[in-house]
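Take a look at the structure below.
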Amino acid sequence: MTIEQKRNLVTAIPGPNSIALQKRRMEVISAGVGTALPVFMDEAHGAILRDVDGNQFIDMGSGIGVVTIGHTNQRVVEAVQHQVAKLTHTLFTVAPYEPYVKVAEIITRHTPGTFKKKAAFFNSGAEAVENAVKVARKATGRTEIAVFDHAYHGRTNLTMSMNFKMHPYGTGFGPLAGSVHHAPMSYPFRDPEGMTGEEAAARAITYLEKRVGASQLAAVFIEPIQGEGGFIVPAKGFLRTLDQWCKANGIVMVADEVQSGIARTGKWFASEWEEGYEPDLITVAKGIAGGLPLSGIVGRAEIMDASHAGGLGGTFGGSPTAVAAGVAVLEQLEEGGWLERSLEIGEILTTRLIALQAQYPIIGEVRGKGAMQAIEFVEAGTMKPNSQAVEELVRHCHQNGVVILNAGTYNNVIRFLPPLAISDELLHDALDVLAAGLEKLAQ
Ligand SMILES: *Cc1c(COP(=O)(O)O)cnc(C)c1O
């Protein structure tokens with residue numbers, strides 16, 4: 001299935017078929033499951049989503065960084081079709097199958113670090129994070145876990161306890177899990193001017209040493225570029241300094257690359273942007289299987305092997321169709337071109353966004369790496385977060401056929417996670433829509 005790579009609106013947004021479906025949905029779907037855009041999608045290809053009324057949207061979010069390789073990538077579709085007709089389930093821990101092993105073979109080649117690595121696969125990002133907590137505790141014999149301000153790690157009981165934002169992720173769902181400690185993050189835009197990565201790391205380390213004690217910590221979890229928190233890129237030296245402290249104190253360093261990994265930032269993993277940073281474990285999910293549910297943990301063999309047999313697993317984790325899709329994605333990444341494309345997309349985005357920043361003082365900062373870029377909005381001439389501008393811009397983009405995502409602790413960030421299959425022309429078209437929205441706001 002292919003769809004012309006063109007934005008095209010044929011009804012008001014949402015169209016009549018979406019409105020009818022939304023009515024049905026309100027009757028039977030839990031209110032706890034929200035929706036950013038009440039438009040029902042029917043099919044997609046490349047960087048275009050087509051709704052049930054025939055409207056075509058440019059996808060600037062990839063379903064939150066999932067279809068990195070593009071919607072209905074032909075080789076992913078073929079791999080899944082082939083696998084689904086052959087073998088859909090045994091449960092890997094009952095009787096194994098090859099593609100599960102193959103995903104591990106490829107991914108262990110590309111995670112940072114020259115040490116021997118092993119992997120294990122699950123369904124969701126949160127499940128990967130939980131399993132990383134399990135193996136880190138088992139490997140160290142310690143209980144305490146450190147996370148960072150503005151972090152996001154998932155929606156299960158343990159991971160919602162690891163998130164910075166109690167609301168909306170934890171409110172009313174407690175008691176939350178204990179033994180989780182939130183340390184200050186390096187946030188160059190909002191930290192004291194001139195604060196280096198080493199200084200920001202020292203601030204976090206001092207806090208953890210005083211509050212918890214290094215000898216009590218099993219693991220430090222950090223997103224090398226924070227996702228939901230607003231694409232916060234820590235100052236250079238922050239990750240490396242933390243990593244050195246972890247290694248000196250027997251603490252497992254876990255990079256949560258669920259959003260930033262798999263070619264998103266112009267490297268296989270965002271961790272690679274920081275020289276000398278070698279996380280012990282990496283969690284992966286979103287972009288790894290072209291839209292099929294697959295997550296995993298990859299890292300030091302001795303940590304991954306610390307669990308007794310039967311300690312890790314789950315009925316559907318690394319199911320045959322999901323790992324077949326994973327192989328199709330990872331093989332294409334290995335064949336090359338994708339990292340370069342991610343960097344080119346980053347160039348186009350930053351060039352255009354920095355030009356807009358010069359024009360509109362509500363754009364406080366443009367930041368990111370490769371095809372993971374964001375703008376943080378402020379009230380003109382201040383550092384005050386401007387969530388209203390984001391709300392209005394997101395609405396403007398939706399009304400004009402561009403699916404765009406917000407982010408940020410203060411809801412004042414617009415993030416760009418386009419599929420790497422997007423053309424320059426579509427990317428510029430989406431940015432033209434955003435620019436028109438900014439002009440409208442300024443009037
Ligand atoms: C999305 C995300 C998760 C949770 O993944 P799910 O598949 O939604 O459970 C965890 N960590 C990060 C960094 C994420 O972006």
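Labels used: A, B, ... for chains in the order of the structure tokens, numbers from 1 for residues in each chain, and numbers from 1 for ligands as shown.
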Could you pull out the strand (DSSP E or B) residues of segment 146-329 of chain A from DSSP and send them as an NGL selection string? :A and (146-148 or 180-183 or 217-222 or 252-256 or 281-284 or 295-300)
Compile the contact shell of Gly197 of chain A as number ranges by chain: residues with an atom at most 8 Å away, counting only C-alpha atoms, same-chain residues fewer than 2 positions apart removed. A: 186, 195, 199-201, 234-239, 241
Export of the given selection (N, CA, C and O atoms) as a compact mmCIF listing (two decimals), in the first residue's frame:
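Wrote it out as selection_12.txt, contents follow:
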# COMPACT_ATOMS: atom_id res chain seq x y z
N SER A 186 20.60 18.10 34.43
CA SER A 186 21.26 19.21 33.73
C SER A 186 20.28 19.73 32.68
O SER A 186 19.85 18.99 31.80
N MET A 195 26.76 27.13 33.79
CA MET A 195 26.94 25.87 34.54
C MET A 195 27.39 24.78 33.58
O MET A 195 26.74 24.53 32.56
N GLU A 199 29.65 20.38 36.52
CA GLU A 199 29.06 21.02 37.71
C GLU A 199 27.65 20.51 37.96
O GLU A 199 27.26 20.26 39.11
N ALA A 200 26.88 20.35 36.88
CA ALA A 200 25.51 19.84 37.03
C ALA A 200 25.55 18.40 37.56
O ALA A 200 24.73 17.99 38.39
N ALA A 201 26.54 17.62 37.10
CA ALA A 201 26.68 16.24 37.58
C ALA A 201 27.05 16.24 39.06
O ALA A 201 26.52 15.44 39.84
N PRO A 234 21.31 17.30 28.08
CA PRO A 234 22.17 17.72 29.18
C PRO A 234 23.46 18.34 28.67
O PRO A 234 23.92 18.03 27.57
N ALA A 235 24.05 19.22 29.48
CA ALA A 235 25.31 19.87 29.09
C ALA A 235 26.39 18.82 28.91
O ALA A 235 26.39 17.79 29.58
N LYS A 236 27.30 19.11 27.98
CA LYS A 236 28.41 18.20 27.67
C LYS A 236 29.19 17.90 28.96
O LYS A 236 29.50 18.80 29.73
N GLY A 237 29.49 16.63 29.17
CA GLY A 237 30.24 16.24 30.37
C GLY A 237 29.36 15.69 31.48
O GLY A 237 29.84 15.01 32.39
N PHE A 238 28.05 15.98 31.42
CA PHE A 238 27.13 15.55 32.48
C PHE A 238 27.02 14.02 32.53
O PHE A 238 27.22 13.41 33.59
N LEU A 239 26.74 13.41 31.39
CA LEU A 239 26.55 11.96 31.36
C LEU A 239 27.85 11.23 31.68
O LEU A 239 27.86 10.24 32.43
N THR A 241 30.43 12.28 33.46
CA THR A 241 30.79 12.44 34.87
C THR A 241 29.94 11.53 35.76
O THR A 241 30.44 10.86 36.67
Within 9 Å of ligand 1 (only C-alpha atoms and all ligand atoms), residues as a count of residues only: 36
Skip segment 398-412 of chain A itself and residues of its chain fewer than 3 positions away, then list as a short mmCIF file (atom, residue, chain, number, x, y, z; two decimals) with all heavy atoms, in the first residue's frame all residues within 6 Å of it, counting only C-alpha atoms.
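Listed below is the output, part-v7.cif:
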data_model
loop_
_atom_site.label_atom_id
_atom_site.label_comp_id
_atom_site.auth_asym_id
_atom_site.auth_seq_id
_atom_site.Cartn_x
_atom_site.Cartn_y
_atom_site.Cartn_z
N ILE A 13 -11.65 19.62 9.97
CA ILE A 13 -10.99 18.68 10.90
C ILE A 13 -11.61 18.85 12.28
O ILE A 13 -11.59 19.95 12.81
CB ILE A 13 -9.47 18.96 10.97
CG1 ILE A 13 -8.84 18.88 9.58
CG2 ILE A 13 -8.79 17.99 11.93
CD1 ILE A 13 -8.97 17.55 8.87
N PHE A 57 -2.61 13.86 6.45
CA PHE A 57 -1.82 14.64 7.40
C PHE A 57 -0.33 14.32 7.24
O PHE A 57 0.03 13.16 7.03
CB PHE A 57 -2.20 14.29 8.85
CG PHE A 57 -3.58 14.72 9.25
CD1 PHE A 57 -4.71 14.00 8.84
CD2 PHE A 57 -3.77 15.83 10.08
CE1 PHE A 57 -5.98 14.38 9.23
CE2 PHE A 57 -5.03 16.21 10.47
CZ PHE A 57 -6.15 15.49 10.04
N ILE A 58 0.50 15.33 7.43
CA ILE A 58 1.94 15.08 7.54
C ILE A 58 2.20 14.67 8.99
O ILE A 58 1.77 15.34 9.92
CB ILE A 58 2.78 16.34 7.22
CG1 ILE A 58 2.44 16.85 5.81
CG2 ILE A 58 4.28 16.03 7.35
CD1 ILE A 58 3.12 18.19 5.48
N ASP A 59 2.89 13.56 9.16
CA ASP A 59 3.15 13.06 10.50
C ASP A 59 4.49 13.56 11.01
O ASP A 59 5.55 13.10 10.58
CB ASP A 59 3.13 11.53 10.49
CG ASP A 59 3.18 10.96 11.89
OD1 ASP A 59 3.23 11.74 12.86
OD2 ASP A 59 3.16 9.71 12.02
N MET A 60 4.45 14.51 11.95
CA MET A 60 5.70 15.04 12.52
C MET A 60 5.99 14.42 13.88
O MET A 60 6.85 14.91 14.62
CB MET A 60 5.60 16.57 12.64
CG MET A 60 5.58 17.27 11.29
SD MET A 60 7.12 17.07 10.36
CE MET A 60 8.17 18.28 11.20
N GLY A 61 5.30 13.34 14.21
CA GLY A 61 5.49 12.72 15.52
C GLY A 61 5.82 11.24 15.49
O GLY A 61 6.28 10.68 16.48
N GLU A 228 9.66 13.01 27.02
CA GLU A 228 8.47 13.73 27.48
C GLU A 228 8.84 15.02 28.21
O GLU A 228 8.08 15.98 28.21
CB GLU A 228 7.62 12.84 28.41
CG GLU A 228 7.20 11.51 27.81
CD GLU A 228 6.44 11.67 26.50
OE1 GLU A 228 5.40 12.36 26.48
OE2 GLU A 228 6.93 11.12 25.50
N GLY A 229 10.01 15.03 28.85
CA GLY A 229 10.46 16.20 29.61
C GLY A 229 10.74 17.41 28.74
O GLY A 229 10.93 18.51 29.25
N GLY A 230 10.78 17.23 27.41
CA GLY A 230 10.94 18.37 26.51
C GLY A 230 12.25 18.37 25.74
O GLY A 230 12.77 19.43 25.41
N GLU A 376 11.36 25.31 22.80
CA GLU A 376 10.76 25.66 24.10
C GLU A 376 10.23 27.08 24.02
O GLU A 376 10.97 28.01 23.68
CB GLU A 376 11.79 25.51 25.23
CG GLU A 376 11.21 25.99 26.56
CD GLU A 376 11.89 25.45 27.81
OE1 GLU A 376 12.80 24.60 27.71
OE2 GLU A 376 11.49 25.90 28.90
N PHE A 377 8.95 27.24 24.36
CA PHE A 377 8.29 28.54 24.26
C PHE A 377 8.27 29.25 25.61
O PHE A 377 8.03 28.63 26.65
CB PHE A 377 6.87 28.38 23.74
CG PHE A 377 6.82 28.03 22.28
CD1 PHE A 377 6.91 26.71 21.86
CD2 PHE A 377 6.72 29.03 21.32
CE1 PHE A 377 6.89 26.38 20.51
CE2 PHE A 377 6.70 28.71 19.96
CZ PHE A 377 6.78 27.38 19.55
N PRO A 385 7.54 29.92 31.24
CA PRO A 385 7.03 28.95 30.27
C PRO A 385 5.72 29.43 29.64
O PRO A 385 4.87 29.98 30.34
CB PRO A 385 6.79 27.69 31.10
CG PRO A 385 7.63 27.86 32.33
CD PRO A 385 7.71 29.33 32.59
N ASN A 386 5.59 29.22 28.34
CA ASN A 386 4.41 29.68 27.61
C ASN A 386 3.69 28.46 27.02
O ASN A 386 3.93 28.08 25.88
CB ASN A 386 4.87 30.65 26.51
CG ASN A 386 3.70 31.31 25.79
OD1 ASN A 386 2.57 30.85 25.88
ND2 ASN A 386 3.99 32.39 25.08
N SER A 387 2.83 27.87 27.83
CA SER A 387 2.12 26.67 27.36
C SER A 387 0.95 27.05 26.45
O SER A 387 0.53 26.25 25.62
CB SER A 387 1.62 25.83 28.54
OG SER A 387 0.72 26.59 29.31
N VAL A 390 1.92 27.01 22.84
CA VAL A 390 2.04 25.63 22.35
C VAL A 390 0.66 25.06 22.04
O VAL A 390 0.44 24.45 20.99
CB VAL A 390 2.81 24.75 23.36
CG1 VAL A 390 2.68 23.28 23.01
CG2 VAL A 390 4.27 25.17 23.41
N ARG A 395 -2.99 23.23 17.93
CA ARG A 395 -4.33 23.25 17.34
C ARG A 395 -4.26 23.74 15.88
O ARG A 395 -4.86 23.15 14.99
CB ARG A 395 -5.27 24.13 18.16
CG ARG A 395 -6.73 23.97 17.75
CD ARG A 395 -7.72 24.80 18.58
NE ARG A 395 -7.38 24.84 19.99
CZ ARG A 395 -7.14 25.97 20.68
NH1 ARG A 395 -7.19 27.15 20.08
NH2 ARG A 395 -6.84 25.92 21.96
N ARG A 415 7.70 19.28 20.06
CA ARG A 415 8.79 18.38 19.67
C ARG A 415 8.55 17.84 18.26
O ARG A 415 7.41 17.63 17.86
CB ARG A 415 8.92 17.23 20.67
CG ARG A 415 7.66 16.41 20.81
CD ARG A 415 7.84 15.23 21.74
NE ARG A 415 6.60 14.93 22.45
CZ ARG A 415 6.44 13.88 23.25
NH1 ARG A 415 7.43 13.04 23.44
NH2 ARG A 415 5.30 13.67 23.85
#
Excluding same-chain residues fewer than 6 positions from Tyr100 of chain A, what lies within 12 Å of it counting only C-alpha atoms, as a ChimeraX atom specification? /A:89-93,106-107,119-122,289,294-296,317-328
With N, CA and C atoms retained, write the just-selected residues as a tab-separated table (two decimals), in the first residue's frame.
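What landed in again_26.tsv:
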chain	number	residue	atom	x	y	z
A	89	HIS	N	3.24	-17.77	17.62
A	89	HIS	CA	3.50	-17.85	19.06
A	89	HIS	C	3.96	-19.24	19.49
A	90	THR	N	5.01	-19.25	20.32
A	90	THR	CA	5.37	-20.47	21.06
A	90	THR	C	5.59	-20.09	22.51
A	91	LEU	N	5.98	-18.80	22.72
A	91	LEU	CA	6.57	-18.25	23.93
A	91	LEU	C	8.04	-18.66	23.93
A	92	PHE	N	8.90	-17.65	23.79
A	92	PHE	CA	10.34	-17.91	23.64
A	92	PHE	C	10.89	-18.76	24.79
A	93	THR	N	10.32	-18.59	26.00
A	93	THR	CA	10.84	-19.36	27.14
A	93	THR	C	10.28	-20.78	27.18
A	106	ILE	N	22.01	-8.31	16.22
A	106	ILE	CA	22.22	-7.00	15.56
A	106	ILE	C	22.35	-5.90	16.60
A	107	ILE	N	21.43	-5.87	17.57
A	107	ILE	CA	21.40	-4.75	18.51
A	107	ILE	C	22.65	-4.73	19.40
A	119	ALA	N	21.05	-9.52	25.50
A	119	ALA	CA	19.77	-8.80	25.43
A	119	ALA	C	18.63	-9.68	25.92
A	120	ALA	N	17.48	-9.05	26.20
A	120	ALA	CA	16.24	-9.76	26.49
A	120	ALA	C	15.11	-8.86	25.99
A	121	PHE	N	14.01	-9.48	25.53
A	121	PHE	CA	12.96	-8.69	24.88
A	121	PHE	C	11.61	-8.80	25.57
A	122	PHE	N	10.87	-7.67	25.48
A	122	PHE	CA	9.56	-7.52	26.14
A	122	PHE	C	8.62	-6.81	25.17
A	289	ALA	N	10.83	-1.57	16.00
A	289	ALA	CA	10.15	-2.59	15.18
A	289	ALA	C	9.09	-1.99	14.24
A	294	LEU	N	7.53	-4.06	20.53
A	294	LEU	CA	8.76	-4.77	20.90
A	294	LEU	C	9.62	-3.83	21.74
A	295	SER	N	10.12	-4.35	22.87
A	295	SER	CA	11.07	-3.57	23.66
A	295	SER	C	12.16	-4.51	24.14
A	296	GLY	N	13.20	-3.93	24.69
A	296	GLY	CA	14.28	-4.79	25.15
A	296	GLY	C	15.24	-4.10	26.08
A	317	GLY	N	6.33	-11.26	25.25
A	317	GLY	CA	7.58	-10.52	25.04
A	317	GLY	C	8.41	-11.08	23.90
A	318	GLY	N	8.77	-10.23	22.94
A	318	GLY	CA	9.57	-10.68	21.80
A	318	GLY	C	8.83	-11.71	20.98
A	319	SER	N	7.55	-11.47	20.74
A	319	SER	CA	6.74	-12.43	19.96
A	319	SER	C	7.28	-12.53	18.54
A	320	PRO	N	7.05	-13.65	17.88
A	320	PRO	CA	7.65	-13.87	16.55
A	320	PRO	C	7.39	-12.74	15.55
A	321	THR	N	6.17	-12.21	15.49
A	321	THR	CA	5.91	-11.13	14.51
A	321	THR	C	6.65	-9.86	14.90
A	322	ALA	N	6.70	-9.56	16.20
A	322	ALA	CA	7.38	-8.33	16.64
A	322	ALA	C	8.88	-8.41	16.34
A	323	VAL	N	9.50	-9.55	16.64
A	323	VAL	CA	10.95	-9.63	16.37
A	323	VAL	C	11.24	-9.72	14.87
A	324	ALA	N	10.32	-10.31	14.10
A	324	ALA	CA	10.51	-10.32	12.63
A	324	ALA	C	10.52	-8.88	12.12
A	325	ALA	N	9.62	-8.05	12.65
A	325	ALA	CA	9.61	-6.63	12.26
A	325	ALA	C	10.90	-5.96	12.73
A	326	GLY	N	11.36	-6.32	13.93
A	326	GLY	CA	12.60	-5.76	14.46
A	326	GLY	C	13.79	-6.08	13.56
A	327	VAL	N	13.87	-7.30	13.09
A	327	VAL	CA	14.95	-7.69	12.18
A	327	VAL	C	14.88	-6.84	10.91
A	328	ALA	N	13.66	-6.67	10.37
A	328	ALA	CA	13.51	-5.89	9.13
A	328	ALA	C	13.95	-4.44	9.32
Given only C-alpha atoms as the basis, pick out the residue of A:Phe164, A:Arg240, A:Val220, A:Pro188 nearest to Val366 of chain A. A:Pro188
